[in-house]
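Structure first, then comments.
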Amino acid sequence: MLKNLGKLTGKVAVITASTDGIGLEIARRLGQEGASIVISSRNEQNVEKAREELKKENLDVSGMVCHVSKEEDRKALVDYTSERAWDKIFEVNVKAPFLLTKLVVPHMEKRGGGSIIYVASIAGYQPLPGIGAYSVSKTSLLGLTKAVSMELAASKIRVNCVCPGIIKTKFSKALWENPAAMELTNQMIPMGRIGESTEIAPMVSFLSSDDASYITGESFVISGGYFSRL
């Protein structure tokens with residue numbers, strides 16, 4: 001396990017939806033790189049469980065309950081065909097990141113700059129069957145990355161986006177628990193397998209660090225070669 005590599009020493013990393021899966025691995029990696037990490041989830045028990053897990057690894061971590069689609073929680077930190085579902089998906093995947101950005105930018109400006117990293121999806125480039133609303137919301141997040149990066153460049157705040165492919169998480173559980181579906185999926189991925197959450201975190205660490213000091217407004221696909229361009 002990586003420990004105290006120091007690349008992010010002195011930085012504070014606030015990671016939403018970070019008590020499981022990709023979010024948790026991102027928090028772990030940034031903490032290992034030296035950042036003070038703040039994890040969050042809508043469920044208090046999940047927050048406490050993840051916080052204790054990371055503390056046992058001697059990471060500098062604090063946690064809080066935050067439901068990103070609730071205004072009061074932002075400030076303190078399926079049916080894909082129905083109109084209500086579309087509203088909810090866009091509220092969480094597009095509106096909430098934008099509003100969180102508005103809240104964090106003044107703090108970054110006081111610190112002399114910072115790095116904002118949105119987590120979109122390969123579905124933002126190549127819509128996936130059965131999750132149309134989700135796919136379109138992630139395409140919108142790619143556009144948000146471009147727009148916000150231009151607005152904040154003069155403030156020395158970089159804005160980028162990572163776009164995971166099919167990763168073994170709870171979100172994709174129905175897929176990887178089905179042997180027939182898994183076999184078909186693996187055939188479509190040039191590397192012949194789905195990804196792991198630990199394979200997303202290094203890119204986030206890189207984009208958070210000074211190694212990426214001249215990169216902003218970009219999106220990075222991590223998909224094992226799966227088709228990912230419009």
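Just so we're on the same page: first chain in the structure tokens is A, next is B, and so on; residues restart at 1 for each chain, and ligands are numbered from 1 in the order they show up.
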
According to DSSP computed on the backbone, where in stretch 130-168 of chain A is there strand (DSSP E or B)? Give the residues as a PyMOL selection string. chain A and resi 157-164+167

Same residues, N, CA and C atoms, output as a compact mmCIF listing (two decimals), in the first residue's frame:
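As written to disk, out-v4.txt reads:
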```txt
# COMPACT_ATOMS: atom_id res chain seq x y z
N ILE A 157 -7.50 28.23 -10.82
CA ILE A 157 -8.26 27.05 -10.44
C ILE A 157 -8.45 26.21 -11.70
N ARG A 158 -7.93 25.00 -11.66
CA ARG A 158 -8.03 24.10 -12.80
C ARG A 158 -9.26 23.21 -12.65
N VAL A 159 -9.92 22.94 -13.77
CA VAL A 159 -11.15 22.13 -13.75
C VAL A 159 -11.02 21.04 -14.81
N ASN A 160 -11.04 19.80 -14.36
CA ASN A 160 -10.94 18.67 -15.27
C ASN A 160 -11.97 17.61 -14.92
N CYS A 161 -12.00 16.55 -15.68
CA CYS A 161 -13.03 15.53 -15.51
C CYS A 161 -12.45 14.15 -15.81
N VAL A 162 -12.79 13.18 -14.99
CA VAL A 162 -12.42 11.80 -15.30
C VAL A 162 -13.69 11.04 -15.70
N CYS A 163 -13.52 10.15 -16.65
CA CYS A 163 -14.66 9.43 -17.22
C CYS A 163 -14.41 7.93 -17.15
N PRO A 164 -14.79 7.30 -16.04
CA PRO A 164 -14.59 5.86 -15.91
C PRO A 164 -15.41 5.09 -16.94
N ILE A 167 -16.78 -0.11 -14.45
CA ILE A 167 -15.97 -0.39 -13.26
C ILE A 167 -16.76 -1.30 -12.32
```

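Proximity to A:Pro127 was assessed for A:Ser228, A:Ser41, A:Ser36, A:Ser115 counting only C-alpha atoms; the smallest distance is recorded for A:Ser228.
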
Give me the residues within 12 Å of A:Lys156 as number ranges by chain, counting only C-alpha atoms and dropping any in the same chain fewer than 2 places off. A: 105-106, 108-116, 149-154, 158-159, 210, 213-216

Go ahead and write the residues just picked, C-alpha atoms, as a PDB file, in the first residue's frame.
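Writing the result to again_31.pdb gives the following:
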```pdb
ATOM      1  CA  VAL A 105     -14.371  28.506  -5.387  1.00  0.00           C
ATOM      2  CA  PRO A 106     -14.111  31.403  -2.881  1.00  0.00           C
ATOM      3  CA  MET A 108      -9.807  28.108  -3.352  1.00  0.00           C
ATOM      4  CA  GLU A 109      -9.290  31.716  -4.373  1.00  0.00           C
ATOM      5  CA  LYS A 110      -8.211  32.565  -0.827  1.00  0.00           C
ATOM      6  CA  ARG A 111      -5.656  29.744  -1.013  1.00  0.00           C
ATOM      7  CA  GLY A 112      -4.325  31.037  -4.319  1.00  0.00           C
ATOM      8  CA  GLY A 113      -5.850  28.372  -6.544  1.00  0.00           C
ATOM      9  CA  GLY A 114      -6.930  24.767  -6.600  1.00  0.00           C
ATOM     10  CA  SER A 115      -8.167  21.850  -8.631  1.00  0.00           C
ATOM     11  CA  ILE A 116     -11.745  20.745  -9.275  1.00  0.00           C
ATOM     12  CA  SER A 149     -12.569  25.785 -16.621  1.00  0.00           C
ATOM     13  CA  MET A 150     -12.668  28.902 -18.806  1.00  0.00           C
ATOM     14  CA  GLU A 151     -14.338  30.951 -16.084  1.00  0.00           C
ATOM     15  CA  LEU A 152     -11.853  29.946 -13.370  1.00  0.00           C
ATOM     16  CA  ALA A 153      -8.540  29.795 -15.234  1.00  0.00           C
ATOM     17  CA  ALA A 154      -7.639  33.361 -14.285  1.00  0.00           C
ATOM     18  CA  ARG A 158      -8.028  24.100 -12.805  1.00  0.00           C
ATOM     19  CA  VAL A 159     -11.146  22.133 -13.753  1.00  0.00           C
ATOM     20  CA  ASP A 210       1.153  20.194  -9.416  1.00  0.00           C
ATOM     21  CA  SER A 213      -0.349  22.411 -13.427  1.00  0.00           C
ATOM     22  CA  TYR A 214      -0.957  23.201 -17.127  1.00  0.00           C
ATOM     23  CA  ILE A 215      -3.994  20.975 -17.653  1.00  0.00           C
ATOM     24  CA  THR A 216      -7.508  22.386 -17.440  1.00  0.00           C
TER      25      THR A 216
END
```

List the spatial neighbours of stretch 175-178 of chain A as a VMD selection string - criterion: any atom at most 12 Å away, only C-alpha atoms, same-chain residues fewer than 4 positions off excluded. chain A and resid 166 to 171 182 to 186 193 to 196

Using the selection just defined, write its residues with N, CA, C and O atoms as a PDB file, in the first residue's frame.
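File written: selection-v3.pdb
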```pdb
ATOM      1  N   ILE A 166     -16.562   0.891 -17.600  1.00  0.00           N
ATOM      2  CA  ILE A 166     -17.340  -0.040 -16.789  1.00  0.00           C
ATOM      3  C   ILE A 166     -16.451  -0.534 -15.653  1.00  0.00           C
ATOM      4  O   ILE A 166     -15.472  -1.247 -15.874  1.00  0.00           O
ATOM      5  N   ILE A 167     -16.780  -0.111 -14.446  1.00  0.00           N
ATOM      6  CA  ILE A 167     -15.972  -0.388 -13.260  1.00  0.00           C
ATOM      7  C   ILE A 167     -16.760  -1.296 -12.319  1.00  0.00           C
ATOM      8  O   ILE A 167     -17.982  -1.175 -12.198  1.00  0.00           O
ATOM      9  N   LYS A 168     -16.069  -2.170 -11.623  1.00  0.00           N
ATOM     10  CA  LYS A 168     -16.725  -3.095 -10.702  1.00  0.00           C
ATOM     11  C   LYS A 168     -17.123  -2.365  -9.426  1.00  0.00           C
ATOM     12  O   LYS A 168     -16.358  -2.257  -8.469  1.00  0.00           O
ATOM     13  N   THR A 169     -18.333  -1.841  -9.414  1.00  0.00           N
ATOM     14  CA  THR A 169     -18.895  -1.143  -8.261  1.00  0.00           C
ATOM     15  C   THR A 169     -20.326  -1.611  -8.053  1.00  0.00           C
ATOM     16  O   THR A 169     -20.866  -2.400  -8.836  1.00  0.00           O
ATOM     17  N   LYS A 170     -20.969  -1.098  -7.018  1.00  0.00           N
ATOM     18  CA  LYS A 170     -22.368  -1.444  -6.775  1.00  0.00           C
ATOM     19  C   LYS A 170     -23.252  -1.013  -7.945  1.00  0.00           C
ATOM     20  O   LYS A 170     -24.252  -1.661  -8.262  1.00  0.00           O
ATOM     21  N   PHE A 171     -22.881   0.091  -8.589  1.00  0.00           N
ATOM     22  CA  PHE A 171     -23.660   0.623  -9.709  1.00  0.00           C
ATOM     23  C   PHE A 171     -23.747  -0.394 -10.845  1.00  0.00           C
ATOM     24  O   PHE A 171     -24.771  -0.495 -11.525  1.00  0.00           O
ATOM     25  N   MET A 182     -21.377 -10.533 -18.414  1.00  0.00           N
ATOM     26  CA  MET A 182     -19.967 -10.230 -18.213  1.00  0.00           C
ATOM     27  C   MET A 182     -19.133 -10.693 -19.405  1.00  0.00           C
ATOM     28  O   MET A 182     -18.226  -9.993 -19.859  1.00  0.00           O
ATOM     29  N   GLU A 183     -19.434 -11.864 -19.905  1.00  0.00           N
ATOM     30  CA  GLU A 183     -18.687 -12.397 -21.046  1.00  0.00           C
ATOM     31  C   GLU A 183     -18.849 -11.501 -22.266  1.00  0.00           C
ATOM     32  O   GLU A 183     -17.864 -11.193 -22.964  1.00  0.00           O
ATOM     33  N   LEU A 184     -20.062 -11.057 -22.509  1.00  0.00           N
ATOM     34  CA  LEU A 184     -20.322 -10.177 -23.646  1.00  0.00           C
ATOM     35  C   LEU A 184     -19.618  -8.835 -23.468  1.00  0.00           C
ATOM     36  O   LEU A 184     -19.029  -8.293 -24.408  1.00  0.00           O
ATOM     37  N   THR A 185     -19.681  -8.301 -22.242  1.00  0.00           N
ATOM     38  CA  THR A 185     -19.037  -7.015 -21.957  1.00  0.00           C
ATOM     39  C   THR A 185     -17.528  -7.106 -22.155  1.00  0.00           C
ATOM     40  O   THR A 185     -16.914  -6.228 -22.771  1.00  0.00           O
ATOM     41  N   ASN A 186     -16.928  -8.146 -21.641  1.00  0.00           N
ATOM     42  CA  ASN A 186     -15.476  -8.319 -21.768  1.00  0.00           C
ATOM     43  C   ASN A 186     -15.047  -8.434 -23.227  1.00  0.00           C
ATOM     44  O   ASN A 186     -13.943  -8.010 -23.589  1.00  0.00           O
ATOM     45  N   ARG A 193     -11.522  -6.956 -19.928  1.00  0.00           N
ATOM     46  CA  ARG A 193     -12.036  -7.023 -18.554  1.00  0.00           C
ATOM     47  C   ARG A 193     -12.609  -5.671 -18.163  1.00  0.00           C
ATOM     48  O   ARG A 193     -12.280  -4.638 -18.764  1.00  0.00           O
ATOM     49  N   ILE A 194     -13.464  -5.676 -17.118  1.00  0.00           N
ATOM     50  CA  ILE A 194     -13.928  -4.408 -16.565  1.00  0.00           C
ATOM     51  C   ILE A 194     -12.878  -3.894 -15.586  1.00  0.00           C
ATOM     52  O   ILE A 194     -11.988  -4.632 -15.165  1.00  0.00           O
ATOM     53  N   GLY A 195     -12.981  -2.609 -15.231  1.00  0.00           N
ATOM     54  CA  GLY A 195     -11.971  -1.994 -14.376  1.00  0.00           C
ATOM     55  C   GLY A 195     -12.280  -2.106 -12.894  1.00  0.00           C
ATOM     56  O   GLY A 195     -13.373  -2.515 -12.490  1.00  0.00           O
ATOM     57  N   GLU A 196     -11.300  -1.733 -12.098  1.00  0.00           N
ATOM     58  CA  GLU A 196     -11.433  -1.688 -10.644  1.00  0.00           C
ATOM     59  C   GLU A 196     -11.396  -0.231 -10.178  1.00  0.00           C
ATOM     60  O   GLU A 196     -10.787   0.628 -10.828  1.00  0.00           O
TER      61      GLU A 196
END
```

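The interatomic distance for the pair atom CA of A:Leu54 and atom CA of A:Lys102 works out to 28.2 Å.
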
Taking only C-alpha atoms into account, name the residue in A:Gly10, A:Pro179, A:Gly63, A:Pro129 that is nearest to A:Ala35. A:Gly10

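For A:Asn43, the list of residues within 10 Å, based on only C-alpha atoms and with local chain neighbours fewer than 5 positions off taken out, reads Ala17, Thr19, Glu48, Met64, Val65, Cys66 and His67 of chain A.
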
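If only C-alpha atoms are the atoms counted, then among A:Ile15, A:Ser172, A:Ser208, A:Ala123 the closest residue to A:Val221 is A:Ala123.
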